[in-house]
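As stored in my_file-v2.cif (mmCIF, C-alpha atoms (C1' of nucleotides)):
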data_query
loop_
_atom_site.label_atom_id
_atom_site.label_comp_id
_atom_site.auth_asym_id
_atom_site.auth_seq_id
_atom_site.Cartn_x
_atom_site.Cartn_y
_atom_site.Cartn_z
CA MET A 224 9.36 51.63 -86.70
CA GLU A 225 9.35 55.37 -86.04
CA GLU A 226 9.15 56.31 -82.38
CA ASN A 227 7.70 59.72 -81.64
CA PHE A 228 10.31 60.93 -79.21
CA GLU A 229 9.31 64.54 -79.93
CA ASN A 230 6.11 63.80 -78.06
CA LEU A 231 8.29 63.62 -74.97
CA TYR A 232 9.70 67.11 -75.43
CA LEU A 233 8.83 69.29 -72.51
CA GLU A 234 7.37 72.11 -74.58
CA ASN A 235 5.06 69.75 -76.45
CA GLN A 236 3.35 68.59 -73.31
CA LEU A 237 0.21 70.10 -71.92
CA CYS A 238 0.87 68.75 -68.47
CA PHE A 239 4.00 70.73 -67.75
CA PRO A 240 2.76 74.28 -68.44
CA LEU A 241 -0.35 73.41 -66.47
CA TYR A 242 1.72 72.22 -63.53
CA ALA A 243 4.07 75.21 -63.76
CA ALA A 244 1.33 77.81 -64.20
CA SER A 245 -0.55 76.41 -61.24
CA ARG A 246 2.49 76.62 -58.99
CA LEU A 247 3.40 80.08 -60.22
CA THR A 248 -0.14 81.27 -59.60
CA THR A 249 -0.02 79.99 -56.05
CA LYS A 250 3.16 81.99 -55.59
CA MET A 251 1.41 85.12 -56.86
CA TYR A 252 -1.09 84.77 -54.04
CA ALA A 253 1.54 84.11 -51.39
CA PRO A 254 2.32 87.70 -50.31
CA TYR A 255 -1.37 88.59 -49.95
CA LEU A 256 -2.20 85.38 -48.13
CA GLU A 257 0.76 85.87 -45.84
CA ASP A 258 -0.92 89.05 -44.63
CA LEU A 259 -3.96 86.95 -43.71
CA ASP A 260 -1.73 84.27 -42.18
CA ILE A 261 -3.20 81.50 -44.35
CA THR A 262 -1.91 79.24 -47.11
CA TYR A 263 -3.31 78.93 -50.60
CA PRO A 264 -5.29 75.70 -50.03
CA GLN A 265 -6.60 77.18 -46.80
CA TYR A 266 -7.72 80.20 -48.81
CA LEU A 267 -9.62 77.93 -51.19
CA VAL A 268 -11.43 76.30 -48.27
CA LEU A 269 -12.34 79.74 -46.93
CA LEU A 270 -13.61 80.75 -50.39
CA VAL A 271 -16.00 77.81 -50.19
CA LEU A 272 -17.15 78.68 -46.69
CA TRP A 273 -17.57 82.38 -47.49
CA GLN A 274 -19.71 81.46 -50.46
CA TYR A 275 -21.74 78.54 -49.11
CA LYS A 276 -21.75 78.88 -45.30
CA GLU A 277 -21.79 75.69 -43.23
CA GLN A 278 -20.52 72.65 -45.11
CA SER A 279 -19.54 69.08 -44.40
CA VAL A 280 -15.97 67.99 -45.00
CA SER A 281 -17.02 65.93 -48.00
CA SER A 282 -19.02 68.74 -49.61
CA ILE A 283 -16.02 71.05 -49.31
CA GLY A 284 -14.00 68.24 -50.83
CA GLN A 285 -16.48 67.88 -53.67
CA LYS A 286 -16.07 71.55 -54.58
CA LEU A 287 -12.28 71.60 -54.33
CA LEU A 288 -11.72 68.02 -55.52
CA LEU A 289 -9.99 67.12 -52.30
CA GLU A 290 -10.59 64.26 -49.92
CA SER A 291 -10.62 63.90 -46.17
CA ASN A 292 -7.02 62.72 -46.09
CA THR A 293 -6.01 66.19 -47.29
CA LEU A 294 -8.83 68.21 -45.75
CA THR A 295 -8.90 66.86 -42.22
CA PRO A 296 -5.40 68.05 -41.27
CA LEU A 297 -5.90 71.31 -43.16
CA LEU A 298 -9.18 71.99 -41.39
CA LYS A 299 -7.60 71.24 -38.03
CA ARG A 300 -5.04 73.94 -38.78
CA LEU A 301 -7.78 76.41 -39.68
CA GLU A 302 -9.47 75.49 -36.41
CA GLN A 303 -6.25 76.15 -34.51
CA LYS A 304 -6.14 79.57 -36.14
CA LYS A 305 -9.68 80.13 -34.77
CA LEU A 306 -11.06 80.71 -38.27
CA ILE A 307 -13.46 77.75 -38.36
CA ILE A 308 -15.36 75.44 -36.05
CA ARG A 309 -15.53 71.68 -36.61
CA LYS A 310 -18.42 69.84 -35.06
CA ARG A 311 -20.11 66.49 -35.57
CA SER A 312 -23.56 66.63 -37.06
CA ILE A 313 -26.29 65.54 -34.67
CA LYS A 314 -28.39 64.15 -37.50
CA ASP A 315 -25.52 62.00 -38.78
CA GLU A 316 -22.66 61.41 -36.42
CA ARG A 317 -20.37 60.44 -39.29
CA THR A 318 -20.49 63.92 -40.76
CA VAL A 319 -18.33 66.78 -39.53
CA LEU A 320 -19.76 70.22 -40.17
CA ILE A 321 -17.45 73.13 -40.80
CA SER A 322 -18.56 76.65 -40.04
CA LEU A 323 -16.82 80.00 -39.86
CA THR A 324 -16.02 81.73 -36.59
CA LYS A 325 -16.51 85.46 -36.26
CA GLU A 326 -12.82 85.87 -37.15
CA GLY A 327 -13.25 83.61 -40.15
CA LYS A 328 -16.16 85.68 -41.41
CA ALA A 329 -14.28 88.91 -40.75
CA LEU A 330 -11.35 87.72 -42.83
CA LYS A 331 -13.55 87.90 -45.92
CA LYS A 332 -13.36 91.68 -45.85
CA LYS A 333 -9.58 91.56 -45.85
CA ALA A 334 -9.62 89.02 -48.69
CA VAL A 335 -12.04 90.84 -50.95
CA CYS A 336 -9.32 92.96 -52.54
CA ILE A 337 -7.11 90.00 -53.46
CA PRO A 338 -8.74 88.88 -56.74
CA GLU A 339 -8.43 92.35 -58.20
CA LYS A 340 -4.75 92.56 -57.33
CA ILE A 341 -4.15 89.12 -58.79
CA ILE A 342 -5.93 90.00 -62.02
CA LYS A 343 -3.70 93.05 -62.37
CA SER A 344 -0.60 90.93 -61.85
CA PHE A 345 -1.87 88.39 -64.36
CA LYS A 346 -2.31 91.00 -67.01
CA THR A 347 0.40 90.70 -69.59
CA ASP A 348 0.94 92.59 -72.77
CA LYS A 349 1.13 89.10 -74.24
CA ILE A 350 -2.43 88.09 -73.37
CA SER A 351 -5.50 90.09 -74.34
CA LEU A 352 -8.63 90.26 -72.26
CA SER A 353 -10.70 88.28 -74.76
CA GLU A 354 -7.99 85.66 -74.93
CA ALA A 355 -8.00 85.42 -71.15
CA ILE A 356 -11.77 84.97 -71.07
CA GLU A 357 -11.59 82.27 -73.73
CA PHE A 358 -8.80 80.63 -71.79
CA GLN A 359 -10.75 80.56 -68.56
CA LYS A 360 -13.71 78.95 -70.33
CA THR A 361 -11.57 76.23 -71.87
CA LEU A 362 -9.80 75.67 -68.59
CA VAL A 363 -13.10 75.10 -66.79
CA LYS A 364 -14.27 72.74 -69.54
CA LEU A 365 -11.00 70.88 -69.31
CA MET A 366 -11.37 70.57 -65.57
CA GLU A 367 -14.94 69.31 -65.91
CA GLY A 368 -13.89 66.83 -68.55
CA LEU A 369 -11.02 65.49 -66.49
CA LYS A 370 -13.21 65.29 -63.43
CA GLU A 371 -15.64 63.03 -65.23
CA LYS A 372 -12.88 60.70 -66.33
CA LEU A 373 -11.46 60.14 -62.86
CA MET B 32 -19.28 101.29 -50.33
CA GLU B 33 -19.93 98.30 -52.59
CA GLU B 34 -17.70 95.32 -51.90
CA ASN B 35 -17.20 92.90 -54.76
CA PHE B 36 -17.82 89.69 -52.91
CA GLU B 37 -18.66 87.95 -56.19
CA ASN B 38 -14.97 88.21 -57.01
CA LEU B 39 -14.44 85.67 -54.26
CA TYR B 40 -16.79 83.12 -55.81
CA LEU B 41 -14.92 79.95 -56.63
CA GLU B 42 -16.08 79.79 -60.23
CA ASN B 43 -14.94 83.34 -60.93
CA GLN B 44 -11.37 82.62 -60.00
CA LEU B 45 -8.72 81.61 -62.46
CA CYS B 46 -6.54 80.11 -59.79
CA PHE B 47 -8.86 77.31 -58.77
CA PRO B 48 -9.50 75.65 -62.15
CA LEU B 49 -5.77 75.92 -62.81
CA TYR B 50 -4.99 74.23 -59.53
CA ALA B 51 -7.66 71.58 -60.03
CA ALA B 52 -6.80 70.87 -63.66
CA SER B 53 -3.15 70.48 -62.78
CA ARG B 54 -3.90 67.98 -60.04
CA LEU B 55 -6.37 66.08 -62.19
CA THR B 56 -3.85 65.91 -65.02
CA THR B 57 -1.26 64.46 -62.67
CA LYS B 58 -3.80 61.82 -61.73
CA MET B 59 -4.33 60.97 -65.39
CA TYR B 60 -0.65 60.12 -65.66
CA ALA B 61 -0.60 58.10 -62.46
CA PRO B 62 -1.53 54.65 -63.83
CA TYR B 63 1.01 54.89 -66.66
CA LEU B 64 3.76 56.18 -64.39
CA GLU B 65 3.00 53.48 -61.86
CA ASP B 66 4.00 50.98 -64.52
CA LEU B 67 7.35 52.75 -64.75
CA ASP B 68 7.58 52.97 -60.95
CA ILE B 69 8.04 56.76 -60.99
CA THR B 70 6.06 59.74 -59.80
CA TYR B 71 4.88 62.64 -61.92
CA PRO B 72 7.62 65.12 -60.88
CA GLN B 73 10.18 62.36 -61.39
CA TYR B 74 8.74 61.88 -64.89
CA LEU B 75 9.24 65.59 -65.58
CA VAL B 76 12.88 65.36 -64.55
CA LEU B 77 13.33 62.36 -66.82
CA LEU B 78 11.69 64.27 -69.69
CA VAL B 79 14.39 66.91 -69.27
CA LEU B 80 17.18 64.36 -69.17
CA TRP B 81 15.83 62.42 -72.15
CA GLN B 82 15.70 65.64 -74.13
CA TYR B 83 18.89 67.40 -73.02
CA LYS B 84 21.23 64.67 -71.74
CA GLU B 85 23.56 65.57 -68.87
CA GLN B 86 22.39 68.55 -66.84
CA SER B 87 23.26 70.30 -63.62
CA VAL B 88 20.70 70.41 -60.83
CA SER B 89 20.14 74.10 -61.39
CA SER B 90 19.63 73.77 -65.14
CA ILE B 91 17.01 71.08 -64.55
CA GLY B 92 15.50 73.44 -62.05
CA GLN B 93 15.49 76.26 -64.56
CA LYS B 94 13.50 74.17 -67.02
CA LEU B 95 10.99 72.85 -64.49
CA LEU B 96 10.90 75.94 -62.26
CA LEU B 97 12.05 73.97 -59.28
CA GLU B 98 14.88 74.62 -56.86
CA SER B 99 17.42 72.45 -55.16
CA ASN B 100 15.33 72.15 -52.02
CA THR B 101 12.80 70.20 -54.10
CA LEU B 102 15.13 68.63 -56.62
CA THR B 103 17.88 67.30 -54.39
CA PRO B 104 15.70 64.80 -52.50
CA LEU B 105 13.80 63.90 -55.67
CA LEU B 106 17.06 63.25 -57.54
CA LYS B 107 18.34 61.13 -54.69
CA ARG B 108 15.25 58.96 -55.05
CA LEU B 109 15.83 58.63 -58.79
CA GLU B 110 19.40 57.66 -57.99
CA GLN B 111 18.18 55.02 -55.55
CA LYS B 112 16.00 53.64 -58.34
CA LYS B 113 19.19 53.41 -60.45
CA LEU B 114 17.71 55.68 -63.13
CA ILE B 115 20.23 58.51 -62.82
CA ILE B 116 23.77 59.20 -61.63
CA ARG B 117 24.69 62.24 -59.54
CA LYS B 118 28.27 63.34 -59.64
CA ARG B 119 30.17 66.51 -58.77
CA SER B 120 31.58 68.40 -61.68
CA ILE B 121 35.38 68.44 -61.79
CA LYS B 122 35.45 71.86 -63.39
CA ASP B 123 33.27 73.35 -60.66
CA GLU B 124 32.95 71.35 -57.47
CA ARG B 125 29.79 73.22 -56.49
CA THR B 126 27.88 71.80 -59.43
CA VAL B 127 26.25 68.38 -59.37
CA LEU B 128 25.79 66.82 -62.80
CA ILE B 129 22.87 64.51 -63.41
CA SER B 130 23.08 61.88 -66.12
CA LEU B 131 20.95 58.90 -67.07
CA THR B 132 21.96 55.34 -66.35
CA LYS B 133 21.40 52.64 -68.93
CA GLU B 134 18.11 51.86 -67.17
CA GLY B 135 17.16 55.52 -67.20
CA LYS B 136 17.76 55.75 -70.92
CA ALA B 137 15.89 52.50 -71.52
CA LEU B 138 12.86 53.82 -69.70
CA LYS B 139 12.37 56.36 -72.48
CA LYS B 140 11.11 53.62 -74.77
CA LYS B 141 8.51 52.58 -72.25
CA ALA B 142 7.48 56.21 -71.76
CA VAL B 143 7.17 57.12 -75.41
CA CYS B 144 3.59 55.88 -75.68
CA ILE B 145 2.36 57.88 -72.70
CA PRO B 146 1.73 61.29 -74.34
CA GLU B 147 -0.48 59.74 -76.98
CA LYS B 148 -2.56 57.93 -74.39
CA ILE B 149 -2.89 61.10 -72.36
CA ILE B 150 -3.98 63.12 -75.37
CA LYS B 151 -6.70 60.58 -76.04
CA SER B 152 -7.90 60.80 -72.47
CA PHE B 153 -7.84 64.58 -72.65
CA LYS B 154 -10.04 64.61 -75.69
CA THR B 155 -13.51 65.67 -74.78
CA ASP B 156 -16.54 66.27 -76.91
CA LYS B 157 -16.57 69.58 -75.08
CA ILE B 158 -13.21 70.79 -76.40
CA SER B 159 -12.31 70.98 -80.07
CA LEU B 160 -8.82 70.44 -81.42
CA SER B 161 -8.39 74.08 -82.46
CA GLU B 162 -9.59 75.19 -79.06
CA ALA B 163 -7.07 72.87 -77.41
CA ILE B 164 -4.24 74.28 -79.52
CA GLU B 165 -5.26 77.85 -78.72
CA PHE B 166 -5.48 76.89 -75.07
CA GLN B 167 -1.99 75.43 -75.01
CA LYS B 168 -0.57 78.58 -76.57
CA THR B 169 -2.24 80.85 -74.04
CA LEU B 170 -1.18 78.58 -71.23
CA VAL B 171 2.44 78.79 -72.26
CA LYS B 172 2.20 82.58 -72.60
CA LEU B 173 0.60 82.75 -69.17
CA MET B 174 3.38 80.63 -67.71
CA GLU B 175 6.04 82.81 -69.34
CA GLY B 176 4.34 85.97 -68.10
CA LEU B 177 4.07 84.69 -64.56
CA LYS B 178 7.65 83.49 -64.60
CA GLU B 179 8.85 86.99 -65.45
CA LYS B 180 6.93 88.50 -62.56
CA LEU B 181 8.35 86.20 -59.92
"C1'" DT C 39 -33.69 42.78 -36.10
"C1'" DA C 40 -29.08 40.90 -37.10
"C1'" DA C 41 -25.38 40.71 -40.61
"C1'" DG C 42 -23.32 42.72 -44.31
"C1'" DA C 43 -22.56 46.74 -47.24
"C1'" DT C 44 -21.92 51.56 -47.62
"C1'" DT C 45 -20.53 56.05 -46.17
"C1'" DA C 46 -17.84 59.91 -43.75
"C1'" DA C 47 -13.82 61.08 -41.54
"C1'" DA C 48 -9.58 60.08 -39.75
"C1'" DT C 49 -5.02 58.01 -39.73
"C1'" DC C 50 -0.67 56.52 -41.76
"C1'" DG C 51 3.27 56.72 -44.74
"C1'" DT C 52 5.52 58.68 -48.67
"C1'" DT C 53 6.57 62.33 -51.89
"C1'" DT C 54 6.25 67.14 -53.21
"C1'" DG C 55 6.85 72.10 -52.81
"C1'" DC C 56 8.91 75.76 -50.71
"C1'" DG C 57 10.75 79.47 -47.40
"C1'" DA C 58 14.65 79.96 -44.66
"C1'" DT C 59 19.11 78.82 -43.66
"C1'" DG C 60 23.65 76.40 -43.94
"C1'" DT C 61 27.98 74.98 -46.30
"C1'" DA C 62 31.55 74.88 -49.37
"C1'" DA C 63 33.49 76.31 -53.74
"C1'" DA C 64 34.32 79.96 -56.91
"C1'" DT C 65 34.64 84.76 -57.95
"C1'" DG C 66 35.45 89.64 -57.26
"C1'" DT C 67 38.06 93.22 -55.35
"C1'" DA C 68 40.85 95.99 -52.49
"C1'" DT D 140 47.10 87.49 -51.58
"C1'" DA D 141 43.32 88.33 -47.94
"C1'" DC D 142 38.47 89.04 -47.44
"C1'" DA D 143 33.83 89.79 -48.85
"C1'" DT D 144 30.41 88.31 -52.10
"C1'" DT D 145 28.18 85.25 -54.99
"C1'" DT D 146 26.87 80.78 -56.53
"C1'" DA D 147 25.36 75.80 -56.31
"C1'" DC D 148 23.53 72.46 -53.59
"C1'" DA D 149 22.01 70.64 -49.38
"C1'" DT D 150 19.38 70.64 -45.10
"C1'" DC D 151 15.47 71.64 -42.17
"C1'" DG D 152 10.75 72.21 -40.99
"C1'" DC D 153 6.15 72.61 -42.30
"C1'" DA D 154 2.06 72.13 -45.18
"C1'" DA D 155 -0.01 69.97 -48.86
"C1'" DA D 156 -1.51 65.82 -51.86
"C1'" DC D 157 -2.75 61.32 -52.05
"C1'" DG D 158 -3.02 56.02 -51.98
"C1'" DA D 159 -4.17 52.70 -48.68
"C1'" DT D 160 -6.26 51.47 -44.61
"C1'" DT D 161 -9.05 52.04 -40.28
"C1'" DT D 162 -12.97 53.32 -37.46
"C1'" DA D 163 -17.46 54.35 -36.46
"C1'" DA D 164 -22.08 55.42 -37.94
"C1'" DT D 165 -25.76 54.56 -41.03
"C1'" DC D 166 -28.24 52.05 -44.37
"C1'" DT D 167 -29.83 47.55 -46.71
"C1'" DT D 168 -31.81 43.55 -46.84
"C1'" DA D 169 -32.54 39.00 -45.82
#

Using structure tokens, write down the structure that the file contains.
Amino acid sequence: MEENFENLYLENQLCFPLYAASRLTTKMYAPYLEDLDITYPQYLVLLVLWQYKEQSVSSIGQKLLLESNTLTPLLKRLEQKKLIIRKRSIKDERTVLISLTKEGKALKKKAVCIPEKIIKSFKTDKISLSEAIEFQKTLVKLMEGLKEKL
Amino acid sequence: MEENFENLYLENQLCFPLYAASRLTTKMYAPYLEDLDITYPQYLVLLVLWQYKEQSVSSIGQKLLLESNTLTPLLKRLEQKKLIIRKRSIKDERTVLISLTKEGKALKKKAVCIPEKIIKSFKTDKISLSEAIEFQKTLVKLMEGLKEKL
DNA sequence: TAAGATTAAATCGTTTGCGATGTAAATGTA
DNA sequence: TACATTTACATCGCAAACGATTTAATCTTA
């Protein structure tokens, strides 16, 4: 009985490069986010709020695929930094609504230059633009597919 | 002065789907790894040890892009589970060599079926095989490119 | 309307991930 | 050989992630 041990080789896995690329990408953002005094997951939450305005904890979670056990402490930290306001909904006391403070809104202007800088850093002689676009599409499809299965 | 706020839209970022896909993938492994009583990063370390035998902490770190601040506690947990042995090198007392116990080696047989199951779960009607192969290639190139820049 | 089910956040405990720093061994060099 | 530098891990503190559970509000339905 042949056992496919090669399947266990690191380079043959999809999971590892995904895990590594994700962590490396986060590190690429770090110096820019440090200037804004926020972390990468905090940045993602702000992206949501900049794009969609006031949101409940769960609707932020739906967009970022995170749950209250992760978001609640993170949001409390953003509140401490005076970037957001957390308040119970009057219509439904279970819901906590998150909105941006003036400082939180203002931070958007400082953040707007980040994607461009990141794209430049991403650019490699190894990866063409069309390849990158194709990659992004597949990545999103992969994410959607995985989301459905969990 | 036009400000490209659309660049900040969640769906236009590369970072977010990468981050989400990585986390979702880890979750796909969870039920299988639970059977082996290990976590996903612990699985990655075992993949290295199954493939390369005895390794120093730093050479494991080089392969997984992790440093001793992450690996040392993780390796101690694997040692507690009796899956690995940590011992100082005689040739260089600074180096800690990690080797598999009998149990650690035996676990490989239980793990060998995991990649296949994962691949099946990954398969989506949305993503073709050729697309998946292309994707993996680009992902690895991306990882390599990022690694060089950090 | 009262009891049970569902939902939204929060809390708890554990493991990662990582920047910064510490410690001890090995190496380089004057 | 002395002393500085480098290297390999370890330690510390903090912020995610996340499974499991709790709490309180809302909804269902009998």

Query - 7 Å contacts from chain A to chain C using all atoms listed in the file, as a list in words - result: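 Putting it all together, I get Ser291, Arg317 and Thr318 of chain A.
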
Is it possible to see chain A as a compact mmCIF listing (two decimals) with C-alpha atoms, keeping the file's coordinate frame, once it has been laid onto chain B by a least-squares fit on every C-alpha atom in order?
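To be explicit, this is the file written out as out.txt:
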# COMPACT_ATOMS: atom_id res chain seq x y z
CA MET A 224 -19.09 101.40 -50.46
CA GLU A 225 -19.79 98.36 -52.63
CA GLU A 226 -17.57 95.38 -51.90
CA ASN A 227 -17.10 92.95 -54.76
CA PHE A 228 -17.72 89.75 -52.88
CA GLU A 229 -18.58 87.99 -56.16
CA ASN A 230 -14.90 88.25 -57.00
CA LEU A 231 -14.38 85.71 -54.24
CA TYR A 232 -16.72 83.15 -55.77
CA LEU A 233 -14.88 79.99 -56.58
CA GLU A 234 -16.05 79.80 -60.18
CA ASN A 235 -14.92 83.35 -60.90
CA GLN A 236 -11.34 82.63 -60.00
CA LEU A 237 -8.70 81.61 -62.45
CA CYS A 238 -6.53 80.11 -59.77
CA PHE A 239 -8.85 77.33 -58.74
CA PRO A 240 -9.50 75.67 -62.12
CA LEU A 241 -5.79 75.92 -62.78
CA TYR A 242 -4.98 74.22 -59.49
CA ALA A 243 -7.68 71.58 -60.00
CA ALA A 244 -6.82 70.87 -63.64
CA SER A 245 -3.17 70.48 -62.77
CA ARG A 246 -3.91 67.97 -60.03
CA LEU A 247 -6.39 66.08 -62.18
CA THR A 248 -3.87 65.90 -65.00
CA THR A 249 -1.27 64.45 -62.67
CA LYS A 250 -3.81 61.80 -61.72
CA MET A 251 -4.34 60.97 -65.39
CA TYR A 252 -0.66 60.12 -65.66
CA ALA A 253 -0.60 58.08 -62.47
CA PRO A 254 -1.53 54.63 -63.86
CA TYR A 255 1.02 54.88 -66.68
CA LEU A 256 3.75 56.18 -64.41
CA GLU A 257 3.00 53.47 -61.89
CA ASP A 258 4.00 50.96 -64.56
CA LEU A 259 7.36 52.74 -64.80
CA ASP A 260 7.60 52.95 -61.00
CA ILE A 261 8.06 56.74 -61.03
CA THR A 262 6.06 59.73 -59.83
CA TYR A 263 4.88 62.63 -61.93
CA PRO A 264 7.61 65.11 -60.89
CA GLN A 265 10.17 62.36 -61.41
CA TYR A 266 8.74 61.89 -64.89
CA LEU A 267 9.22 65.59 -65.60
CA VAL A 268 12.87 65.37 -64.55
CA LEU A 269 13.34 62.37 -66.84
CA LEU A 270 11.69 64.29 -69.70
CA VAL A 271 14.38 66.93 -69.26
CA LEU A 272 17.18 64.39 -69.17
CA TRP A 273 15.84 62.45 -72.16
CA GLN A 274 15.70 65.66 -74.14
CA TYR A 275 18.88 67.43 -73.02
CA LYS A 276 21.25 64.72 -71.72
CA GLU A 277 23.57 65.61 -68.85
CA GLN A 278 22.39 68.58 -66.81
CA SER A 279 23.23 70.32 -63.57
CA VAL A 280 20.67 70.41 -60.79
CA SER A 281 20.09 74.11 -61.34
CA SER A 282 19.61 73.79 -65.10
CA ILE A 283 17.00 71.09 -64.53
CA GLY A 284 15.45 73.44 -62.01
CA GLN A 285 15.46 76.27 -64.52
CA LYS A 286 13.48 74.18 -67.00
CA LEU A 287 10.97 72.85 -64.48
CA LEU A 288 10.89 75.96 -62.27
CA LEU A 289 12.03 73.98 -59.28
CA GLU A 290 14.85 74.61 -56.86
CA SER A 291 17.40 72.43 -55.14
CA ASN A 292 15.28 72.13 -52.02
CA THR A 293 12.75 70.18 -54.09
CA LEU A 294 15.11 68.61 -56.61
CA THR A 295 17.85 67.28 -54.37
CA PRO A 296 15.65 64.79 -52.50
CA LEU A 297 13.80 63.89 -55.69
CA LEU A 298 17.04 63.24 -57.55
CA LYS A 299 18.32 61.11 -54.69
CA ARG A 300 15.23 58.95 -55.09
CA LEU A 301 15.82 58.62 -58.82
CA GLU A 302 19.40 57.64 -58.01
CA GLN A 303 18.17 54.99 -55.59
CA LYS A 304 16.01 53.62 -58.39
CA LYS A 305 19.21 53.40 -60.50
CA LEU A 306 17.74 55.68 -63.17
CA ILE A 307 20.26 58.52 -62.84
CA ILE A 308 23.78 59.20 -61.65
CA ARG A 309 24.67 62.24 -59.54
CA LYS A 310 28.25 63.38 -59.60
CA ARG A 311 30.12 66.56 -58.73
CA SER A 312 31.53 68.46 -61.65
CA ILE A 313 35.32 68.48 -61.75
CA LYS A 314 35.38 71.92 -63.34
CA ASP A 315 33.19 73.40 -60.60
CA GLU A 316 32.89 71.42 -57.42
CA ARG A 317 29.72 73.28 -56.46
CA THR A 318 27.81 71.84 -59.38
CA VAL A 319 26.23 68.40 -59.35
CA LEU A 320 25.78 66.84 -62.76
CA ILE A 321 22.87 64.53 -63.40
CA SER A 322 23.08 61.90 -66.10
CA LEU A 323 20.96 58.93 -67.08
CA THR A 324 21.99 55.35 -66.37
CA LYS A 325 21.43 52.68 -68.98
CA GLU A 326 18.14 51.87 -67.21
CA GLY A 327 17.19 55.53 -67.22
CA LYS A 328 17.79 55.77 -70.95
CA ALA A 329 15.92 52.52 -71.57
CA LEU A 330 12.88 53.83 -69.73
CA LYS A 331 12.37 56.37 -72.51
CA LYS A 332 11.15 53.63 -74.81
CA LYS A 333 8.53 52.58 -72.28
CA ALA A 334 7.49 56.22 -71.80
CA VAL A 335 7.18 57.14 -75.45
CA CYS A 336 3.61 55.88 -75.70
CA ILE A 337 2.35 57.89 -72.72
CA PRO A 338 1.72 61.29 -74.36
CA GLU A 339 -0.49 59.72 -76.99
CA LYS A 340 -2.57 57.91 -74.40
CA ILE A 341 -2.90 61.08 -72.36
CA ILE A 342 -4.00 63.10 -75.38
CA LYS A 343 -6.71 60.53 -76.05
CA SER A 344 -7.91 60.75 -72.46
CA PHE A 345 -7.88 64.54 -72.64
CA LYS A 346 -10.07 64.57 -75.68
CA THR A 347 -13.54 65.64 -74.76
CA ASP A 348 -16.55 66.23 -76.91
CA LYS A 349 -16.58 69.57 -75.11
CA ILE A 350 -13.21 70.77 -76.41
CA SER A 351 -12.29 70.92 -80.08
CA LEU A 352 -8.80 70.38 -81.39
CA SER A 353 -8.37 74.01 -82.45
CA GLU A 354 -9.59 75.14 -79.06
CA ALA A 355 -7.07 72.85 -77.40
CA ILE A 356 -4.24 74.24 -79.52
CA GLU A 357 -5.27 77.80 -78.71
CA PHE A 358 -5.47 76.86 -75.07
CA GLN A 359 -2.00 75.39 -74.99
CA LYS A 360 -0.58 78.54 -76.57
CA THR A 361 -2.26 80.81 -74.04
CA LEU A 362 -1.21 78.54 -71.22
CA VAL A 363 2.44 78.75 -72.26
CA LYS A 364 2.20 82.54 -72.59
CA LEU A 365 0.61 82.71 -69.17
CA MET A 366 3.38 80.61 -67.72
CA GLU A 367 6.04 82.77 -69.35
CA GLY A 368 4.35 85.91 -68.11
CA LEU A 369 4.07 84.65 -64.56
CA LYS A 370 7.65 83.45 -64.63
CA GLU A 371 8.87 86.93 -65.45
CA LYS A 372 6.93 88.45 -62.60
CA LEU A 373 8.34 86.16 -59.93

When the PyMOL selection byres ((chain A and resi 237) around 12) is applied to the structure above, which residues does it catch, written out as a CSV table (one decimal) with C-alpha atoms, keeping the file's coordinate frame?
chain,number,residue,atom,x,y,z
A,230,ASN,CA,6.1,63.8,-78.1
A,231,LEU,CA,8.3,63.6,-75.0
A,232,TYR,CA,9.7,67.1,-75.4
A,233,LEU,CA,8.8,69.3,-72.5
A,234,GLU,CA,7.4,72.1,-74.6
A,235,ASN,CA,5.1,69.8,-76.4
A,236,GLN,CA,3.4,68.6,-73.3
A,238,CYS,CA,0.9,68.8,-68.5
A,239,PHE,CA,4.0,70.7,-67.8
A,240,PRO,CA,2.8,74.3,-68.4
A,241,LEU,CA,-0.4,73.4,-66.5
A,242,TYR,CA,1.7,72.2,-63.5
A,243,ALA,CA,4.1,75.2,-63.8
A,244,ALA,CA,1.3,77.8,-64.2
A,362,LEU,CA,-9.8,75.7,-68.6
A,365,LEU,CA,-11.0,70.9,-69.3
B,52,ALA,CA,-6.8,70.9,-63.7
B,53,SER,CA,-3.2,70.5,-62.8
B,56,THR,CA,-3.8,65.9,-65.0
B,57,THR,CA,-1.3,64.5,-62.7
B,60,TYR,CA,-0.6,60.1,-65.7
B,75,LEU,CA,9.2,65.6,-65.6
B,146,PRO,CA,1.7,61.3,-74.3
B,147,GLU,CA,-0.5,59.7,-77.0
B,149,ILE,CA,-2.9,61.1,-72.4
B,150,ILE,CA,-4.0,63.1,-75.4
B,153,PHE,CA,-7.8,64.6,-72.6
B,163,ALA,CA,-7.1,72.9,-77.4
B,164,ILE,CA,-4.2,74.3,-79.5
B,165,GLU,CA,-5.3,77.8,-78.7
B,166,PHE,CA,-5.5,76.9,-75.1
B,167,GLN,CA,-2.0,75.4,-75.0
B,168,LYS,CA,-0.6,78.6,-76.6
B,169,THR,CA,-2.2,80.8,-74.0
B,170,LEU,CA,-1.2,78.6,-71.2
B,171,VAL,CA,2.4,78.8,-72.3
B,174,MET,CA,3.4,80.6,-67.7

Query raised in the report: At what distance in Å, to one decimal, does atom CA of Thr101 of chain B lie from atom CA of Asp260 of chain A?
Result: 23.5 Å

Please return, as a short mmCIF file (atom, residue, chain, number, x, y, z; two decimals) with C-alpha atoms, keeping the file's coordinate frame, all polymer residues that have at least one atom within 8 Å of the point (-18.7, 74.1, -40.2); use only C-alpha atoms (C1' of nucleotides) and the file's own coordinate frame.
data_model
loop_
_atom_site.label_atom_id
_atom_site.label_comp_id
_atom_site.auth_asym_id
_atom_site.auth_seq_id
_atom_site.Cartn_x
_atom_site.Cartn_y
_atom_site.Cartn_z
CA LYS A 276 -21.75 78.88 -45.30
CA GLU A 277 -21.79 75.69 -43.23
CA GLN A 278 -20.52 72.65 -45.11
CA SER A 279 -19.54 69.08 -44.40
CA ILE A 307 -13.46 77.75 -38.36
CA ILE A 308 -15.36 75.44 -36.05
CA ARG A 309 -15.53 71.68 -36.61
CA LYS A 310 -18.42 69.84 -35.06
CA VAL A 319 -18.33 66.78 -39.53
CA LEU A 320 -19.76 70.22 -40.17
CA ILE A 321 -17.45 73.13 -40.80
CA SER A 322 -18.56 76.65 -40.04
CA LEU A 323 -16.82 80.00 -39.86
#
